[in-house]
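Listing of upload.txt, compact mmCIF, C-alpha atoms and all ligand atoms
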```txt
# COMPACT_ATOMS: atom_id res chain seq x y z
CA MET A 47 0.00 0.00 0.00
CA THR A 48 1.40 3.43 -0.84
CA ARG A 49 1.07 6.19 1.70
CA SER A 50 -1.48 8.10 -0.40
CA SER A 51 -3.80 5.08 -0.53
CA LEU A 52 -3.80 4.70 3.26
CA PRO A 53 -6.94 5.87 5.06
CA LYS A 54 -6.58 9.46 6.23
CA THR A 55 -6.12 10.08 9.93
CA ALA A 56 -7.17 13.08 12.01
CA VAL A 57 -5.88 13.80 15.51
CA ILE A 58 -8.20 15.58 17.93
CA ILE A 59 -6.43 17.30 20.83
CA PRO A 60 -8.78 18.44 23.59
CA ALA A 61 -7.04 21.40 25.20
CA ALA A 62 -9.97 23.31 26.64
CA GLY A 63 -9.33 22.54 30.31
CA SER A 64 -8.29 25.27 32.68
CA GLY A 65 -5.47 23.35 34.34
CA GLU A 66 -6.71 24.03 37.84
CA ARG A 67 -4.48 21.44 39.48
CA LEU A 68 -1.39 22.79 37.73
CA GLY A 69 -2.17 26.17 39.21
CA ALA A 70 -0.66 28.36 36.48
CA ASN A 71 -2.65 31.48 35.72
CA LEU A 72 -3.25 30.44 32.12
CA PRO A 73 -4.80 27.36 30.45
CA LYS A 74 -2.62 24.27 30.92
CA ALA A 75 -2.11 23.71 27.18
CA LEU A 76 -0.40 27.12 26.95
CA VAL A 77 1.96 26.54 29.87
CA GLN A 78 5.59 26.50 28.76
CA LEU A 79 7.80 23.42 28.89
CA VAL A 80 11.41 23.88 27.73
CA GLY A 81 10.69 26.94 25.63
CA ARG A 82 7.37 26.09 24.06
CA PRO A 83 3.79 25.55 25.21
CA LEU A 84 2.56 22.05 26.04
CA ILE A 85 0.18 22.08 23.07
CA SER A 86 3.10 22.69 20.69
CA HIS A 87 4.88 19.58 21.96
CA ALA A 88 1.72 17.56 21.38
CA VAL A 89 1.14 18.96 17.89
CA ALA A 90 4.78 18.37 16.88
CA ALA A 91 4.59 14.70 17.91
CA VAL A 92 1.37 13.87 16.06
CA SER A 93 1.94 16.00 12.94
CA PRO A 94 3.89 13.30 11.04
CA VAL A 95 0.92 10.90 11.19
CA ALA A 96 -1.99 13.35 10.85
CA SER A 97 -3.79 14.61 7.74
CA GLN A 98 -5.81 16.95 9.95
CA ILE A 99 -5.25 18.18 13.52
CA ILE A 100 -8.17 19.64 15.47
CA ILE A 101 -7.60 21.43 18.77
CA ALA A 102 -10.45 22.20 21.18
CA ALA A 103 -9.35 25.50 22.74
CA PRO A 104 -10.65 27.10 25.92
CA ALA A 105 -13.33 29.69 25.17
CA GLY A 106 -11.74 33.12 24.93
CA HIS A 107 -8.27 31.73 24.17
CA GLU A 108 -8.81 30.66 20.55
CA LYS A 109 -6.51 33.37 19.20
CA ASN A 110 -3.55 32.11 21.27
CA PHE A 111 -3.88 28.83 19.39
CA THR A 112 -4.34 30.28 15.89
CA ASP A 113 -1.28 32.47 16.56
CA LEU A 114 0.74 29.35 17.33
CA PHE A 115 -0.33 27.16 14.42
CA GLY A 116 -1.91 29.33 11.72
CA ASP A 117 -3.79 27.32 9.10
CA SER A 118 -2.00 24.06 9.81
CA VAL A 119 -4.46 23.20 12.59
CA THR A 120 -8.26 23.45 12.88
CA ILE A 121 -9.26 25.30 16.06
CA VAL A 122 -12.69 24.83 17.64
CA THR A 123 -14.01 26.24 20.90
CA GLY A 124 -14.11 23.51 23.55
CA GLY A 125 -16.96 22.58 25.88
CA ALA A 126 -17.63 22.24 29.59
CA THR A 127 -16.20 18.72 29.86
CA ARG A 128 -13.51 16.80 27.98
CA SER A 129 -16.19 14.67 26.29
CA ALA A 130 -18.03 17.81 25.19
CA SER A 131 -14.78 19.23 23.78
CA VAL A 132 -14.12 16.04 21.81
CA LYS A 133 -17.68 16.05 20.48
CA LEU A 134 -17.30 19.64 19.28
CA ALA A 135 -14.01 18.77 17.59
CA LEU A 136 -15.61 15.79 15.84
CA SER A 137 -17.97 18.15 14.03
CA ALA A 138 -14.93 19.80 12.39
CA LEU A 139 -13.58 16.58 10.81
CA GLU A 140 -12.86 16.84 7.11
CA SER A 141 -15.06 14.57 4.99
CA ASP A 142 -12.31 12.21 3.78
CA ILE A 143 -11.01 11.35 7.27
CA GLU A 144 -11.45 7.62 8.08
CA LEU A 145 -9.43 7.16 11.28
CA VAL A 146 -9.46 9.45 14.33
CA LEU A 147 -6.97 9.61 17.17
CA VAL A 148 -8.18 11.36 20.31
CA HIS A 149 -5.31 12.70 22.36
CA ASP A 150 -4.86 15.02 25.35
CA ALA A 151 -2.94 18.28 25.33
CA ALA A 152 -1.94 17.18 28.84
CA ARG A 153 -0.07 14.13 27.46
CA SER A 154 2.19 16.51 25.60
CA LEU A 155 5.22 14.23 25.30
CA ALA A 156 3.52 11.11 23.89
CA SER A 157 5.74 10.10 20.98
CA THR A 158 5.11 9.89 17.25
CA ASP A 159 5.97 6.22 17.58
CA LEU A 160 3.07 5.66 19.99
CA ALA A 161 0.62 7.33 17.57
CA SER A 162 2.04 5.20 14.74
CA ARG A 163 1.56 2.01 16.72
CA VAL A 164 -2.07 2.93 17.45
CA ILE A 165 -2.67 3.60 13.75
CA ALA A 166 -0.95 0.34 12.76
CA GLU A 167 -3.51 -1.60 14.82
CA LEU A 168 -6.39 0.27 13.16
CA LEU A 169 -4.90 -0.51 9.74
CA ALA A 170 -4.71 -4.16 10.79
CA GLY A 171 -8.48 -4.14 11.34
CA GLU A 172 -9.08 -3.06 14.93
CA LYS A 173 -11.93 -0.57 15.46
CA ALA A 174 -10.70 0.93 18.73
CA VAL A 175 -7.14 0.94 20.13
CA ILE A 176 -5.81 2.32 23.39
CA PRO A 177 -2.29 2.49 24.85
CA ALA A 178 -1.97 1.41 28.47
CA MET A 179 0.66 0.81 31.15
CA LEU A 180 1.01 -1.95 33.68
CA VAL A 181 0.01 -0.79 37.13
CA THR A 182 2.73 -0.90 39.78
CA ASP A 183 0.60 0.16 42.76
CA THR A 184 -2.03 -2.20 44.13
CA ILE A 185 -5.46 -0.61 43.51
CA LYS A 186 -8.28 -0.82 46.05
CA LYS A 187 -11.88 0.32 46.03
CA VAL A 188 -12.66 2.23 49.21
CA ASP A 189 -16.17 2.76 50.61
CA LYS A 190 -17.62 6.05 51.84
CA LYS A 191 -16.65 5.29 55.45
CA GLY A 192 -12.98 4.86 54.50
CA TYR A 193 -12.79 1.05 54.56
CA VAL A 194 -11.50 -1.21 51.82
CA ALA A 195 -14.39 -2.61 49.81
CA LYS A 196 -12.38 -4.56 47.24
CA THR A 197 -8.80 -5.29 46.18
CA TYR A 198 -8.19 -5.70 42.46
CA ASP A 199 -5.87 -8.22 40.83
CA ARG A 200 -3.05 -5.90 39.75
CA GLU A 201 -1.96 -8.23 36.94
CA LYS A 202 -5.24 -7.55 35.15
CA LEU A 203 -5.26 -3.77 35.62
CA ARG A 204 -3.91 -1.20 33.18
CA ALA A 205 -3.52 2.57 33.38
CA VAL A 206 -4.86 4.00 30.14
CA GLN A 207 -3.21 6.73 28.07
CA THR A 208 -3.78 8.66 24.84
CA PRO A 209 -3.72 8.92 21.86
CA GLN A 210 -6.63 6.50 21.54
CA GLY A 211 -7.47 5.46 17.99
CA PHE A 212 -10.83 4.74 16.42
CA VAL A 213 -12.49 4.07 13.13
CA ARG A 214 -14.27 7.37 12.55
CA SER A 215 -17.81 5.96 12.33
CA VAL A 216 -17.38 4.08 15.62
CA LEU A 217 -16.18 7.17 17.50
CA GLU A 218 -18.95 9.33 16.02
CA LYS A 219 -21.56 6.78 17.03
CA ALA A 220 -20.13 6.60 20.56
CA HIS A 221 -20.26 10.36 21.01
CA ALA A 222 -23.71 10.62 19.37
CA ALA A 223 -24.98 8.33 22.15
CA GLY A 224 -24.28 11.31 24.38
CA GLY A 225 -22.50 9.70 27.33
CA ASP A 226 -19.72 11.23 29.38
CA ALA A 227 -16.50 9.36 30.17
CA THR A 228 -12.97 10.37 31.12
CA ASP A 229 -11.72 8.56 28.03
CA ASP A 230 -13.23 7.97 24.62
CA ALA A 231 -12.73 4.21 24.75
CA GLY A 232 -15.17 4.21 27.68
CA LEU A 233 -17.92 5.46 25.35
CA VAL A 234 -16.96 3.00 22.62
CA GLU A 235 -17.02 0.10 25.10
CA GLU A 236 -20.66 0.96 25.82
CA LEU A 237 -21.45 0.23 22.17
CA GLY A 238 -20.08 -3.29 22.66
CA VAL A 239 -17.09 -2.67 20.37
CA ASP A 240 -13.89 -4.57 21.24
CA VAL A 241 -11.15 -2.20 22.38
CA LYS A 242 -7.60 -3.40 21.67
CA VAL A 243 -4.98 -2.56 24.30
CA ILE A 244 -1.37 -1.96 23.27
CA ALA A 245 1.69 -0.96 25.30
CA GLY A 246 1.78 2.70 26.33
CA GLU A 247 4.94 4.59 27.20
CA ASP A 248 6.38 6.43 30.18
CA ARG A 249 6.73 9.68 28.30
CA ALA A 250 2.97 9.78 27.60
CA LEU A 251 2.46 10.72 31.26
CA LYS A 252 -0.44 13.05 31.95
CA ILE A 253 0.78 16.43 33.10
CA THR A 254 -1.59 17.36 35.92
CA THR A 255 0.49 18.87 38.71
CA GLN A 256 3.73 20.88 39.00
CA GLN A 257 5.49 17.63 39.89
CA ASP A 258 4.31 16.12 36.58
CA LEU A 259 5.63 19.17 34.76
CA ALA A 260 9.01 18.64 36.43
CA ASP A 261 8.94 14.95 35.43
CA ALA A 262 8.12 15.91 31.83
CA HIS A 263 11.00 18.39 31.88
CA ARG A 264 13.39 15.55 32.68
CA PHE A 265 12.35 13.67 29.52
CA LEU A 266 13.51 16.61 27.44
CA VAL A 267 16.50 17.87 29.40
CA PRO A 268 18.61 15.30 31.18
CA SER A 269 20.00 17.28 34.12
CA GLU A 270 23.27 16.77 35.95
CA THR A 271 21.37 14.86 38.56
CA THR A 272 19.63 12.61 36.05
CA ASP A 273 20.80 9.08 36.72
CA ILE A 274 21.42 7.63 33.25
CA ARG A 275 22.99 4.18 32.98
CA ALA A 276 24.18 2.02 30.08
CA GLY A 277 24.31 -1.75 29.92
CA VAL A 278 25.57 -4.36 27.48
CA GLY A 279 24.42 -7.94 26.89
CA THR A 280 25.22 -10.78 24.52
CA ASP A 281 23.79 -14.22 23.83
CA ALA A 282 24.55 -17.10 21.47
CA HIS A 283 22.88 -20.41 20.60
CA ALA A 284 23.73 -23.26 18.21
CA PHE A 285 21.32 -24.23 15.42
CA SER A 286 19.43 -27.37 16.44
CA ALA A 287 19.96 -30.78 14.89
CA ASP A 288 16.19 -31.22 15.27
CA PRO A 289 14.64 -29.92 12.02
CA SER A 290 11.28 -29.39 13.74
CA ARG A 291 12.70 -26.93 16.27
CA PRO A 292 11.03 -23.53 15.61
CA MET A 293 13.22 -20.46 15.09
CA TRP A 294 12.31 -17.55 17.34
CA LEU A 295 14.32 -14.39 16.87
CA ALA A 296 13.61 -10.80 17.89
CA GLY A 297 10.16 -11.76 19.11
CA LEU A 298 9.17 -13.26 15.73
CA LEU A 299 8.73 -16.81 14.40
CA TRP A 300 10.85 -17.52 11.30
CA LEU A 301 9.24 -20.37 9.40
CA ASP A 302 11.99 -20.92 6.81
CA VAL A 303 14.83 -21.47 9.31
CA VAL A 304 15.53 -24.29 11.80
CA GLY A 305 15.63 -23.03 15.37
CA VAL A 306 18.37 -23.08 17.97
CA ASP A 307 18.81 -25.28 21.04
CA GLY A 308 18.25 -23.80 24.48
CA HIS A 309 16.34 -23.89 27.76
CA SER A 310 13.94 -21.20 26.53
CA ASP A 311 12.82 -20.45 22.98
CA GLY A 312 16.44 -19.44 22.18
CA ASP A 313 15.65 -15.91 21.05
CA VAL A 314 19.19 -14.48 21.20
CA ALA A 315 18.08 -10.93 20.42
CA ALA A 316 15.53 -10.88 23.24
CA HIS A 317 18.01 -12.49 25.66
CA ALA A 318 20.81 -10.04 24.82
CA ILE A 319 18.41 -7.15 25.41
CA CYS A 320 17.28 -8.56 28.78
CA ASP A 321 20.92 -8.93 29.82
CA ALA A 322 21.74 -5.38 28.73
CA LEU A 323 18.77 -4.02 30.69
CA PHE A 324 19.61 -5.99 33.84
CA ALA A 325 23.25 -4.90 33.55
CA ALA A 326 22.31 -1.24 33.17
CA ALA A 327 20.12 -1.42 36.26
CA SER A 328 22.65 -3.53 38.22
CA LEU A 329 19.91 -6.11 38.71
CA GLY A 330 22.04 -9.16 37.89
CA ASP A 331 21.67 -10.93 34.58
CA LEU A 332 19.37 -13.22 32.65
CA GLY A 333 20.54 -16.30 34.53
CA SER A 334 20.22 -14.83 38.01
CA ASN A 335 16.74 -13.47 37.23
CA PHE A 336 15.27 -16.34 35.20
CA GLY A 337 17.50 -19.25 36.26
CA THR A 338 17.46 -22.48 34.25
CA SER A 339 16.45 -24.25 37.46
CA ASP A 340 13.19 -22.28 37.62
CA PRO A 341 10.55 -24.35 35.79
CA LYS A 342 8.48 -21.17 35.33
CA TYR A 343 10.87 -20.10 32.58
CA ALA A 344 11.42 -23.42 30.82
CA GLY A 345 10.48 -22.79 27.20
CA ALA A 346 9.66 -19.14 28.03
CA SER A 347 9.31 -16.94 24.97
CA GLY A 348 11.66 -14.02 24.38
CA GLU A 349 8.61 -11.79 24.56
CA THR A 350 7.69 -13.07 28.04
CA LEU A 351 11.24 -12.52 29.29
CA LEU A 352 11.32 -8.99 27.85
CA ARG A 353 8.01 -8.10 29.50
CA GLU A 354 9.15 -9.52 32.83
CA THR A 355 12.52 -7.72 32.57
CA HIS A 356 10.78 -4.42 31.85
CA GLN A 357 8.46 -4.93 34.81
CA ARG A 358 11.44 -5.60 37.14
CA LEU A 359 13.20 -2.48 35.87
CA ARG A 360 10.13 -0.34 36.45
CA LEU A 361 9.74 -1.71 39.96
CA ALA A 362 13.36 -0.70 40.60
CA GLY A 363 12.52 2.85 39.43
CA PHE A 364 14.02 2.81 35.93
CA SER A 365 12.64 3.80 32.54
CA ILE A 366 14.17 2.71 29.25
CA MET A 367 15.63 5.51 27.10
CA ASN A 368 16.57 3.22 24.23
CA VAL A 369 17.69 -0.27 23.37
CA SER A 370 19.79 -1.32 20.37
CA VAL A 371 20.40 -4.91 19.33
CA GLN A 372 22.60 -6.36 16.60
CA ILE A 373 22.01 -9.93 15.41
CA VAL A 374 25.08 -11.79 14.14
CA GLY A 375 24.55 -14.76 11.81
CA ASN A 376 24.01 -15.98 8.24
CA LYS A 377 20.29 -16.65 8.67
CA PRO A 378 17.50 -15.76 8.96
CA LYS A 379 17.72 -12.69 6.73
CA LEU A 380 16.48 -9.86 8.85
CA SER A 381 16.07 -7.02 6.36
CA ALA A 382 12.55 -7.81 5.12
CA ARG A 383 11.17 -8.09 8.66
CA ARG A 384 13.32 -5.53 10.44
CA GLU A 385 10.41 -3.14 11.16
CA GLU A 386 8.21 -6.01 12.34
CA ALA A 387 10.99 -7.17 14.67
CA ARG A 388 11.59 -3.67 16.00
CA ALA A 389 7.87 -3.23 16.67
CA ALA A 390 7.59 -6.61 18.43
CA LEU A 391 10.55 -5.88 20.71
CA SER A 392 9.31 -2.36 21.41
CA GLU A 393 5.83 -3.60 22.26
CA ALA A 394 7.24 -6.17 24.69
CA LEU A 395 9.24 -3.40 26.37
CA GLY A 396 6.27 -1.14 26.94
CA GLY A 397 6.79 0.93 23.80
CA ALA A 398 10.49 1.64 24.38
CA VAL A 399 12.61 3.03 21.55
CA VAL A 400 14.27 -0.03 20.00
CA SER A 401 16.55 -0.41 17.00
CA VAL A 402 17.47 -3.69 15.32
CA SER A 403 20.39 -4.37 13.01
CA ALA A 404 22.07 -7.50 11.65
CA THR A 405 25.41 -8.56 10.27
CA THR A 406 27.29 -11.61 9.00
CA THR A 407 30.91 -12.30 9.89
CA ASP A 408 32.48 -12.98 6.50
CA GLY A 409 32.52 -16.75 7.00
CA LEU A 410 34.50 -16.47 10.23
CA GLY A 411 33.71 -18.01 13.60
CA PHE A 412 30.70 -20.16 14.56
CA THR A 413 28.24 -17.62 13.14
CA GLY A 414 30.13 -17.37 9.83
CA GLU A 415 30.36 -21.16 9.60
CA GLY A 416 26.57 -21.31 9.99
CA LYS A 417 26.72 -23.24 13.28
CA GLY A 418 24.72 -20.76 15.29
CA ILE A 419 23.53 -17.26 15.85
CA SER A 420 24.40 -14.56 18.37
CA ALA A 421 23.30 -11.08 19.35
CA ILE A 422 24.76 -8.11 21.16
CA ALA A 423 22.63 -5.42 22.76
CA THR A 424 23.07 -2.12 24.52
CA ALA A 425 20.55 -0.42 26.73
CA LEU A 426 20.31 3.10 28.08
CA ILE A 427 18.04 3.58 31.06
CA VAL A 428 17.23 6.41 33.41
CA ARG A 429 16.27 6.36 37.06
CA ARG A 430 13.25 8.51 37.89
N1 LIG B 1 -10.19 19.20 28.46
C1 LIG B 1 -11.00 19.79 27.48
N2 LIG B 1 -12.18 20.34 27.81
C2 LIG B 1 -12.59 20.37 29.09
C3 LIG B 1 -11.81 19.76 30.08
C4 LIG B 1 -10.60 19.18 29.75
O1 LIG B 1 -10.62 19.80 26.31
N3 LIG B 1 -13.74 20.96 29.36
C5 LIG B 1 -8.90 18.63 28.10
C6 LIG B 1 -7.73 19.26 28.85
O2 LIG B 1 -7.32 20.46 28.22
C7 LIG B 1 -6.68 18.19 28.83
C8 LIG B 1 -7.48 16.90 28.77
O3 LIG B 1 -8.83 17.26 28.44
O4 LIG B 1 -5.83 18.25 27.70
C9 LIG B 1 -7.41 16.14 30.08
O5 LIG B 1 -7.95 16.95 31.14
P1 LIG B 1 -7.15 17.38 32.45
O6 LIG B 1 -5.80 16.77 32.43
O7 LIG B 1 -8.06 17.18 33.60
O8 LIG B 1 -6.89 18.96 32.19
P2 LIG B 1 -7.56 20.18 32.88
O9 LIG B 1 -9.02 19.96 32.99
O10 LIG B 1 -7.10 21.38 32.15
O11 LIG B 1 -6.87 20.18 34.32
P3 LIG B 1 -7.61 20.32 35.74
O12 LIG B 1 -8.57 19.16 35.83
O13 LIG B 1 -6.50 20.26 36.73
O14 LIG B 1 -8.31 21.64 35.71
MG MG B 2 -9.84 18.29 34.26
```

For this file, produce the structure as structure tokens.
Amino acid sequence: MTRSSLPKTAVIIPAAGSGERLGANLPKALVQLVGRPLISHAVAAVSPVASQIIIAAPAGHEKNFTDLFGDSVTIVTGGATRSASVKLALSALESDIELVLVHDAARSLASTDLASRVIAELLAGEKAVIPAMLVTDTIKKVDKKGYVAKTYDREKLRAVQTPQGFVRSVLEKAHAAGGDATDDAGLVEELGVDVKVIAGEDRALKITTQQDLADAHRFLVPSETTDIRAGVGTDAHAFSADPSRPMWLAGLLWLDVVGVDGHSDGDVAAHAICDALFAAASLGDLGSNFGTSDPKYAGASGETLLRETHQRLRLAGFSIMNVSVQIVGNKPKLSARREEARAALSEALGGAVVSVSATTTDGLGFTGEGKGISAIATALIVRR
């Protein structure tokens, strides 16, 4: 599919809130972060994927927004609630728009990559897609008297972010039904439409308080006190003598290549990344975290190990800045599936920035002789 034949996407950015909890004396979307207003960060991130951008501005502040963006953005006057603002923005959609992302000016630093991943799911046939994060706190329902009424199973809970993506007709129908919800997926769920959940990202945090603004600042400007750490990891496995052994590499199944021997699925790229992340965080290594003696990890997929590694890092207070992995071997040929591999690894790491490369070794060593495959990874992480 060429880009021009892809369905057109609009991004709606509700920005009509007053920002009461931030406590600045101007609307939150206009508050400055590293030299430009929050809304400008949000617009810059979604512009590469949007045919149309619609901002719902606070009544009386429309001109501030047109001054910032000129004709490149459609400005509407927002409503009394976020839902009302989104509904007003929907009425300004151009006729040829087929997909709509609904964002928040308050999630100013959500990346272009996150918006792209939401759109990719819509293009794959989903009708509603939301990014979400694992929950690290245990969540309880508390009754009016201040006693615990219920404790939720944390494993099943997710904290939801934006941009949320929808097929236009589905979102319009949801808003036409007239309900009010803190997120648009909530309205779509009421229609009985399945909502697909994908990995969110740390930098899509919602800027609500001054503390959040300070956290957002640290994503853009690493300060002297920012604790940034690098780690390196490698892994190698021999090709199996068993022709039925599946080949898992970089989170993907490679049908045309015999797999490698190993305790787990033998995904050297995933394992090297886990090792690099553990090393960066000084949390041991793959073996000390997922020992071969632990039956829980026998046959574990690379994806499972990446997810678990990311969870352990987050619990220790770290976020991933980026991960880079190089695969060394004669086969499989990575180039045709490089983007797919990058996306799979990124998804397993909660939307982290991941790059994937590959090389052969000119016939030298066990990789050059076609006896096996190896990978080397680096990771950069930051303590928050
Ligand atoms: N929003 C909106 N219209 C409203 C209320 C909120 O477009 N009537 C937008 C906000 O501008 C923000 C997003 O919805 O981008 C999420 O709302 P929130 O983070 O609560 O922002 P504010 O309402 O501005 O903040 P506060 O609740 O602290 O006043
Ligand atoms: Mg609000």

Within-8 Å residues of ligand MG 2 (chain B), basis all atoms listed in the file, as number ranges by chain
A: 63-66, 127-128

Please write out the residues within 6 Å of ligand LIG 1 (chain B) as an NGL selection string, counting only C-alpha atoms and all ligand atoms.
:A and (60-68 or 74 or 102 or 124-128 or 131 or 150-152 or 254)

What lies within 8 Å of stretch 176-190 of chain A using all atoms listed in the file, ignoring chain neighbours under 5 positions off, as an MDAnalysis selection string?
chainID A and resid 160 164 195:201 203:211 231 241:247 361 396

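Proximity to A:Ser403 at 9 Å, evaluated using only C-alpha atoms and with sequence-adjacent residues fewer than 6 positions away removed, yields Ser370, Val371, Gln372, Ile373, Val374, Leu380, Ser381 and Arg384 of chain A.
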
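Atom CA of A:Gly414 to atom CA of A:Lys377 spans 9.9 Å [interatomic distance, one decimal].
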
Name all residues at most 8 Å from A:Ile253 (count only C-alpha atoms; drop same-chain ones fewer than 3 positions away) and give them as a VMD selection string.
chain A and resid 152 to 154 256 258 to 259 262

So that I can check the surroundings of A:Lys54, please list as an mmCIF file with C-alpha atoms, in the frame of the given file every protein, DNA and RNA residue that reaches within 10 Å of it, counting all atoms listed in the file and ignoring chain neighbours fewer than 2 positions away.
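This is the output file out14.cif:
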```cif
data_model
loop_
_atom_site.group_PDB
_atom_site.id
_atom_site.type_symbol
_atom_site.label_atom_id
_atom_site.label_comp_id
_atom_site.auth_asym_id
_atom_site.auth_seq_id
_atom_site.Cartn_x
_atom_site.Cartn_y
_atom_site.Cartn_z
ATOM 1 C CA ARG A 49 1.070 6.190 1.700
ATOM 2 C CA SER A 50 -1.480 8.100 -0.400
ATOM 3 C CA SER A 51 -3.800 5.080 -0.530
ATOM 4 C CA LEU A 52 -3.800 4.700 3.260
ATOM 5 C CA ALA A 56 -7.170 13.080 12.010
ATOM 6 C CA VAL A 95 0.920 10.900 11.190
ATOM 7 C CA ALA A 96 -1.990 13.350 10.850
ATOM 8 C CA SER A 97 -3.790 14.610 7.740
ATOM 9 C CA GLN A 98 -5.810 16.950 9.950
ATOM 10 C CA GLU A 140 -12.860 16.840 7.110
ATOM 11 C CA SER A 141 -15.060 14.570 4.990
ATOM 12 C CA ASP A 142 -12.310 12.210 3.780
ATOM 13 C CA ILE A 143 -11.010 11.350 7.270
ATOM 14 C CA GLU A 144 -11.450 7.620 8.080
ATOM 15 C CA LEU A 145 -9.430 7.160 11.280
ATOM 16 C CA VAL A 146 -9.460 9.450 14.330
#
```

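Here atom CA of A:Gly345 stands at a distance of 8.5 Å from atom CA of A:Gly312.
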
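When atom CA of A:Asn71 is paired with atom CA of A:Thr112, their separation reads 19.9 Å.
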
Need the shell around A:Pro94: protein/DNA/RNA residues with any atom at most 10 Å away, counting only C-alpha atoms. Skip same-chain ones fewer than 3 positions apart. Format as an MDAnalysis selection string?
chainID A and resid 89:91 97 158:159 161:162

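Among the candidate residues A:Val234, A:Val194, A:Ala88, A:Ala362, the one lying nearest to A:Ala327 is A:Ala362, with distances computed using all atoms listed in the file.
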
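The residue that comes closest to A:Val306, out of A:Gly363, A:Ser420, A:Ser328, A:Tyr193 and on the basis of only C-alpha atoms, is A:Ser420.
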